[in-house]
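Trainee: Sharing final.cif below, mmCIF, C-alpha atoms:
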```cif
data_coords
loop_
_atom_site.label_atom_id
_atom_site.label_comp_id
_atom_site.auth_asym_id
_atom_site.auth_seq_id
_atom_site.Cartn_x
_atom_site.Cartn_y
_atom_site.Cartn_z
CA MET A 334 -27.94 -10.94 -23.61
CA SER A 335 -25.01 -12.29 -21.60
CA ALA A 336 -23.86 -10.88 -18.27
CA LEU A 337 -20.68 -9.65 -19.98
CA GLN A 338 -22.65 -7.76 -22.61
CA GLN A 339 -24.96 -6.30 -19.97
CA HIS A 340 -21.98 -5.02 -18.05
CA THR A 341 -19.99 -3.57 -20.93
CA ILE A 342 -22.87 -1.87 -22.84
CA PRO A 343 -24.63 0.84 -20.81
CA ALA A 344 -28.42 0.77 -21.07
CA GLU A 345 -28.57 4.43 -22.17
CA LEU A 346 -26.46 3.57 -25.21
CA LEU A 347 -28.87 0.84 -26.27
CA ASN A 348 -32.01 3.04 -26.29
CA PRO A 349 -31.02 6.73 -26.13
CA GLN A 350 -33.80 9.31 -26.13
CA PRO A 351 -33.58 11.92 -28.95
CA ASP A 352 -33.83 14.81 -26.49
CA ASP A 353 -30.85 13.46 -24.56
CA LEU A 354 -28.46 13.07 -27.50
CA GLY A 355 -27.38 16.71 -27.64
CA ASP A 356 -26.10 16.58 -24.05
CA PHE A 357 -24.93 13.00 -24.12
CA LEU A 358 -22.68 12.93 -27.21
CA PRO A 359 -20.06 15.51 -26.11
CA GLN A 360 -19.82 13.82 -22.71
CA ALA A 361 -19.50 10.42 -24.34
CA LEU A 362 -16.73 11.64 -26.67
CA GLU A 363 -14.85 13.16 -23.75
CA ILE A 364 -15.14 9.92 -21.76
CA ASP A 365 -13.93 7.91 -24.76
CA VAL A 366 -10.87 10.15 -25.20
CA VAL A 367 -9.95 9.84 -21.52
CA HIS A 368 -10.54 6.09 -21.57
CA ASP A 369 -8.42 5.62 -24.70
CA ALA A 370 -5.61 7.72 -23.26
CA ARG A 371 -5.59 5.67 -20.06
CA ARG A 372 -5.69 2.42 -22.03
CA MET A 373 -2.79 3.52 -24.24
CA ALA A 374 -0.76 4.58 -21.19
CA LYS A 375 -1.32 1.18 -19.58
CA ARG A 376 -0.31 -0.60 -22.79
CA ALA A 377 2.84 1.53 -23.06
CA GLN A 378 3.68 0.65 -19.46
CA ASP A 379 3.18 -3.04 -20.28
CA ILE A 380 5.43 -2.95 -23.35
CA VAL A 381 8.25 -1.09 -21.60
CA GLY A 382 8.04 -3.34 -18.54
CA ALA A 383 7.92 -6.56 -20.55
CA VAL A 384 10.80 -5.59 -22.85
CA LEU A 385 13.00 -4.52 -19.95
CA GLY A 386 12.10 -7.65 -18.01
CA ILE A 387 12.94 -9.95 -20.91
CA LEU A 388 16.26 -8.20 -21.62
CA LEU A 389 17.34 -8.20 -17.98
CA LEU A 390 16.10 -11.68 -17.12
CA ALA A 391 16.93 -13.54 -20.35
CA PRO A 392 20.04 -15.27 -18.87
CA LEU A 393 18.06 -16.36 -15.82
CA MET A 394 15.17 -17.66 -17.94
CA PHE A 395 17.61 -19.61 -20.13
CA LEU A 396 19.17 -21.17 -17.02
CA LEU A 397 15.77 -22.04 -15.55
CA ALA A 398 14.70 -23.70 -18.82
CA ILE A 399 17.77 -25.96 -18.64
CA LEU A 400 17.19 -26.78 -14.96
CA VAL A 401 13.53 -27.68 -15.56
CA CYS A 402 14.58 -30.18 -18.26
CA LEU A 403 17.26 -31.66 -16.01
CA ASP A 404 14.95 -31.93 -13.01
CA SER A 405 12.22 -34.02 -14.65
CA PRO A 406 11.37 -35.42 -18.10
CA GLY A 407 9.45 -33.04 -20.35
CA PRO A 408 9.65 -29.61 -22.00
CA PRO A 409 10.76 -26.51 -20.06
CA LEU A 410 7.55 -24.58 -20.76
CA PHE A 411 3.95 -25.34 -19.85
CA TYR A 412 1.18 -24.15 -22.18
CA GLN A 413 -2.43 -23.91 -21.05
CA ARG A 414 -5.59 -22.32 -22.39
CA ARG A 415 -6.65 -19.40 -20.21
CA ILE A 416 -9.50 -16.89 -20.36
CA GLY A 417 -8.42 -13.32 -21.09
CA ARG A 418 -10.16 -9.97 -21.45
CA TYR A 419 -13.76 -10.19 -22.72
CA GLY A 420 -13.56 -13.99 -22.61
CA ARG A 421 -10.91 -14.38 -25.32
CA GLN A 422 -8.86 -17.56 -24.93
CA PHE A 423 -5.10 -17.56 -25.30
CA TRP A 424 -2.10 -19.82 -24.65
CA PHE A 425 -0.77 -19.04 -21.18
CA LEU A 426 2.98 -19.63 -20.66
CA LYS A 427 4.96 -20.55 -17.58
CA PHE A 428 7.91 -22.71 -16.66
CA ARG A 429 6.77 -26.28 -16.08
CA THR A 430 6.52 -27.02 -12.38
CA MET A 431 4.61 -30.31 -12.58
CA VAL A 432 4.98 -33.72 -14.16
CA THR A 433 3.95 -33.91 -17.81
CA ASP A 434 0.66 -35.74 -17.14
CA ALA A 435 -0.48 -33.25 -14.47
CA GLU A 436 -3.58 -32.17 -16.42
CA ARG A 437 -4.78 -35.76 -16.80
CA ARG A 438 -4.27 -36.44 -13.08
CA LEU A 439 -6.25 -33.37 -12.01
CA GLN A 440 -9.57 -35.21 -12.09
CA GLU A 441 -8.17 -37.91 -9.81
CA LEU A 442 -7.23 -35.27 -7.21
CA GLU A 443 -10.44 -33.22 -7.23
CA ALA A 444 -11.66 -34.92 -4.07
CA GLN A 445 -8.57 -33.60 -2.24
CA ASN A 446 -9.16 -29.98 -3.24
CA GLU A 447 -8.52 -27.79 -0.18
CA ALA A 448 -9.96 -24.59 -1.67
CA SER A 449 -13.30 -23.47 -0.28
CA CYS A 450 -16.16 -23.10 -2.79
CA GLN A 451 -14.26 -25.54 -5.04
CA VAL A 452 -13.81 -22.82 -7.70
CA LEU A 453 -10.01 -22.80 -7.55
CA PHE A 454 -7.95 -25.96 -7.19
CA LYS A 455 -5.44 -25.94 -4.38
CA ILE A 456 -3.48 -28.69 -2.61
CA ARG A 457 -0.60 -27.57 -0.44
CA ARG A 458 1.31 -30.83 -1.05
CA ASP A 459 0.28 -31.44 -4.64
CA PRO A 460 1.95 -34.75 -5.67
CA ARG A 461 2.22 -33.55 -9.27
CA VAL A 462 4.67 -30.75 -8.42
CA THR A 463 8.34 -31.50 -9.14
CA ARG A 464 11.25 -30.80 -6.78
CA LEU A 465 12.37 -27.74 -8.72
CA GLY A 466 8.73 -26.80 -9.27
CA ARG A 467 8.23 -26.20 -5.55
CA PHE A 468 11.04 -23.66 -5.55
CA LEU A 469 9.85 -22.01 -8.75
CA ARG A 470 6.33 -21.63 -7.37
CA ARG A 471 7.47 -20.36 -3.99
CA SER A 472 9.69 -17.75 -5.69
CA SER A 473 7.17 -17.05 -8.52
CA LEU A 474 9.98 -17.54 -11.06
CA ASP A 475 7.71 -19.93 -12.96
CA GLU A 476 5.68 -16.90 -14.08
CA LEU A 477 8.52 -15.17 -15.99
CA PRO A 478 7.55 -16.52 -19.46
CA GLN A 479 4.31 -14.53 -19.18
CA LEU A 480 6.38 -11.47 -20.11
CA PHE A 481 5.99 -12.80 -23.67
CA ASN A 482 2.21 -13.03 -23.14
CA ILE A 483 2.28 -9.36 -22.22
CA LEU A 484 4.17 -8.45 -25.41
CA ARG A 485 1.53 -10.35 -27.42
CA SER A 486 -1.24 -8.31 -25.73
CA ASP A 487 -2.64 -11.48 -24.13
CA MET A 488 -2.02 -10.03 -20.68
CA SER A 489 -0.97 -6.92 -18.78
CA LEU A 490 1.63 -6.43 -16.08
CA VAL A 491 -1.16 -5.84 -13.55
CA GLY A 492 -4.73 -7.10 -13.53
CA PRO A 493 -6.85 -10.03 -12.35
CA ARG A 494 -5.05 -13.31 -12.91
CA PRO A 495 -6.23 -15.22 -16.02
CA LEU A 496 -8.03 -18.36 -14.89
CA GLN A 497 -7.90 -21.75 -16.52
CA ILE A 498 -11.03 -23.07 -18.22
CA ARG A 499 -12.06 -25.22 -15.27
CA ASP A 500 -11.88 -22.37 -12.76
CA SER A 501 -13.50 -19.89 -15.14
CA MET A 502 -16.57 -22.07 -15.66
CA ARG A 503 -17.03 -22.54 -11.92
CA LEU A 504 -16.57 -18.85 -11.13
CA ALA A 505 -19.05 -17.90 -13.89
CA ARG A 506 -21.64 -20.20 -12.31
CA MET A 507 -20.94 -18.84 -8.81
CA ASP A 508 -21.17 -15.14 -9.73
CA PRO A 509 -21.98 -14.40 -13.40
CA ASP A 510 -21.95 -10.60 -13.05
CA GLY A 511 -18.75 -10.53 -11.00
CA TYR A 512 -17.10 -12.89 -13.47
CA ALA A 513 -18.07 -10.61 -16.37
CA ARG A 514 -16.77 -7.50 -14.61
CA ARG A 515 -13.52 -9.30 -13.83
CA LEU A 516 -13.00 -9.88 -17.56
CA SER A 517 -13.63 -6.24 -18.49
CA VAL A 518 -9.96 -5.35 -17.95
CA PRO A 519 -6.74 -7.02 -19.20
CA GLN A 520 -5.72 -10.02 -17.10
CA GLY A 521 -2.39 -9.60 -15.32
CA LEU A 522 0.96 -11.10 -14.42
CA THR A 523 0.26 -9.89 -10.89
CA GLY A 524 -2.69 -8.24 -9.23
CA ALA A 525 -4.54 -7.35 -6.07
CA TRP A 526 -5.10 -11.02 -5.22
CA GLN A 527 -1.39 -11.84 -5.47
CA VAL A 528 -0.37 -9.09 -3.04
CA GLY A 529 -3.43 -9.57 -0.83
CA GLY A 530 -2.52 -13.07 0.40
CA ARG A 531 -3.62 -15.43 -2.37
CA SER A 532 -2.94 -18.62 -0.39
CA ASP A 533 -5.15 -17.44 2.45
CA LEU A 534 -8.10 -16.21 0.37
CA ASP A 535 -10.93 -18.21 -1.16
CA SER A 536 -12.58 -17.46 -4.50
CA HIS A 537 -14.92 -14.91 -2.88
CA GLY A 538 -11.92 -13.02 -1.47
CA MET A 539 -10.14 -13.20 -4.82
CA LEU A 540 -13.20 -11.83 -6.64
CA ARG A 541 -13.68 -9.03 -4.11
CA LEU A 542 -10.09 -7.82 -4.54
CA ASP A 543 -10.23 -8.13 -8.33
CA LEU A 544 -13.48 -6.17 -8.61
CA ASP A 545 -12.11 -3.45 -6.33
CA TYR A 546 -9.18 -3.18 -8.77
CA VAL A 547 -11.54 -3.03 -11.76
CA ASP A 548 -13.60 -0.25 -10.16
CA ASN A 549 -10.64 1.84 -8.98
CA TRP A 550 -7.94 1.21 -11.58
CA SER A 551 -5.23 3.81 -12.22
CA LEU A 552 -1.59 3.79 -13.33
CA GLU A 553 -0.65 4.70 -9.77
CA THR A 554 -2.52 1.61 -8.55
CA ASP A 555 -0.59 -0.56 -11.02
CA ILE A 556 2.77 0.84 -9.86
CA ARG A 557 1.80 0.31 -6.22
CA ILE A 558 0.82 -3.32 -6.88
CA LEU A 559 4.07 -3.95 -8.79
CA CYS A 560 6.08 -2.61 -5.84
CA ARG A 561 4.11 -4.72 -3.37
CA THR A 562 4.57 -7.76 -5.63
CA ALA A 563 8.35 -7.39 -5.42
CA ILE A 564 8.11 -7.36 -1.61
CA VAL A 565 5.77 -10.37 -1.49
CA VAL A 566 8.00 -12.39 -3.83
CA ALA A 567 11.16 -11.46 -1.90
CA MET A 568 9.56 -12.54 1.38
CA GLY A 569 7.97 -15.68 -0.08
CA ARG A 570 4.53 -14.69 1.23
CA GLY A 571 1.31 -15.72 -0.44
CA ALA A 572 2.84 -18.21 -2.85
CA CYS A 573 0.54 -21.07 -3.86
#
```
Represent the structure from my file as structure tokens, please.
Mentor:
Amino acid sequence: MSALQQHTIPAELLNPQPDDLGDFLPQALEIDVVHDARRMAKRAQDIVGAVLGILLLAPLMFLLAILVCLDSPGPPLFYQRRIGRYGRQFWFLKFRTMVTDAERRLQELEAQNEASCQVLFKIRRDPRVTRLGRFLRRSSLDELPQLFNILRSDMSLVGPRPLQIRDSMRLARMDPDGYARRLSVPQGLTGAWQVGGRSDLDSHGMLRLDLDYVDNWSLETDIRILCRTAIVVAMGRGAC
């Protein structure tokens, strides 16, 4: 059984004792109702937030798409396979901030990776980033197309950031149980790592913040992280 299955399926549900079923079932039903209500409230928050964001920011996103095309050859959007909730892969969207052959050149730059543990890939002066891309990354405007990912249920407004395949495989090897727990909630546009100083934290710090979010999630936590995200973006702190 995988680490993800071990985490998401309680042992008492796999082999319940007959004498325990009378007490367990009402409690289980009550927990399921509460869990479903919380999940539906989070999804409603995501839909409202994504729709409002798209409507309000559509002119800006249209302008950014044009500027990306003018700044360097290639399409305005970047598509990449990412790992979502329960390990489901999806196409992750963002405005293109790198040259079109950036994925191919990644292997050439691995030796220059500045991230500790080598799980994430981070170079402060990445030669693949375009002129406009530096501004988009610093301002986090490159993330705006993920509002459409949220509408498609690929992501949530708040949650652990969806990792690319390379990073996911390395994190799974480093901490299988932590990796599985991280995927037990919807992956987010922003999260505890983003407001906790993402540029200054290694993969262990990222995982610690994400798991704390998983264990203590609430709608109030999501709203607090969204507010802190606005402050971080406005101040340009923590941008990769």
Trainee: To test your reading of the syntax: which residues would the PyMOL selection byres ((chain A and resi 538-555) around 7) return for the file shown? Reply as a compact mmCIF listing (two decimals) with C-alpha atoms, in the frame of the given file.
Mentor:
```txt
# COMPACT_ATOMS: atom_id res chain seq x y z
CA LYS A 375 -1.32 1.18 -19.58
CA VAL A 491 -1.16 -5.84 -13.55
CA PRO A 493 -6.85 -10.03 -12.35
CA ARG A 514 -16.77 -7.50 -14.61
CA ARG A 515 -13.52 -9.30 -13.83
CA VAL A 518 -9.96 -5.35 -17.95
CA ALA A 525 -4.54 -7.35 -6.07
CA TRP A 526 -5.10 -11.02 -5.22
CA LEU A 534 -8.10 -16.21 0.37
CA ASP A 535 -10.93 -18.21 -1.16
CA SER A 536 -12.58 -17.46 -4.50
CA HIS A 537 -14.92 -14.91 -2.88
CA ILE A 556 2.77 0.84 -9.86
CA ARG A 557 1.80 0.31 -6.22
CA ILE A 558 0.82 -3.32 -6.88
CA LEU A 559 4.07 -3.95 -8.79
```
Trainee: Residue by residue, what does the PyMOL selection byres ((chain A and resi 430) around 7) grab here? Present the result as a PyMOL selection string.
Mentor: chain A and resi 428-429+431+462-463+465-466
Trainee: Determine the nearest neighbour of Arg421 (chain A) from the options A:Leu490, A:Met394, A:Leu516, A:Ile456, counting all atoms listed in the file.
Mentor: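 The closest residue to Arg421 (chain A) is A:Leu516.
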Trainee: Report, in Å with one decimal, the straight-line distance from CA of Ser405 (chain A) to CA of Leu390 (chain A).
Mentor: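 Answer for the CA of Ser405 (chain A) to CA of Leu390 (chain A) separation: 22.8 Å.
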Trainee: Report the distance between CA of Val528 (chain A) and CA of Ala444 (chain A) in Å, rounded to one decimal place.
Mentor: 28.2 Å
Trainee: Provide an axis-aligned box for all listed atoms of region 482-496 of chain A, padding each side by 8 Å; report its centre and its edge lengths in Å to one decimal, as JSON.
Mentor:
```
{"center_x": -1.9, "center_y": -12.1, "center_z": -19.9, "size_x": 28.2, "size_y": 28.5, "size_z": 31.1}
```
Trainee: Taking all atoms listed in the file into account, which of A:Ile380, A:Ala370, A:Ala567, A:Leu453 comes nearest Arg485 (chain A)?
Mentor: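 Of A:Ile380, A:Ala370, A:Ala567, A:Leu453, the one nearest Arg485 (chain A) is A:Ile380, counting all atoms listed in the file.
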Trainee: Write out as a list in words which residues come within 8 Å of region 383-388 of chain A when counting all atoms listed in the file, dropping same-chain ones fewer than 6 positions away.
Mentor: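 Selected residues are Leu480, Phe481, Ile483, Leu484 and Leu490 of chain A.
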Trainee: With the PyMOL selection byres ((chain A and resi 406-420) around 9) as the selection, what would be picked from this file? Answer as a PyMOL selection string, please.
Mentor: chain A and resi 337+397-405+421-433+478+487-488+494-498+501+513+515-520
Trainee: Just give me the gap between CA of Leu504 (chain A) and CA of Thr523 (chain A) in Å, one decimal is fine.
Mentor: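 If I compute the distance from CA of Leu504 (chain A) to CA of Thr523 (chain A), I get 19.1 Å.
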Trainee: With distances taken over all atoms listed in the file, which of A:Ala505, A:Arg438, A:Leu389, A:Ser489 is nearest to Met373 (chain A)?
Mentor: A:Ser489
Trainee: Pick from A:Gln378, A:Val566, A:Arg372, A:Arg503: nearest to Leu469 (chain A), with all atoms listed in the file counted?
Mentor: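 Among the listed residues, A:Val566 lies closest to Leu469 (chain A).
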Trainee: Pick from A:Arg471, A:Leu396, A:Asp459, A:Gly382: nearest to Leu522 (chain A), with all atoms listed in the file counted?
Mentor: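 Checking each of A:Arg471, A:Leu396, A:Asp459, A:Gly382 against Leu522 (chain A), counting all atoms listed in the file, the winner is A:Gly382.
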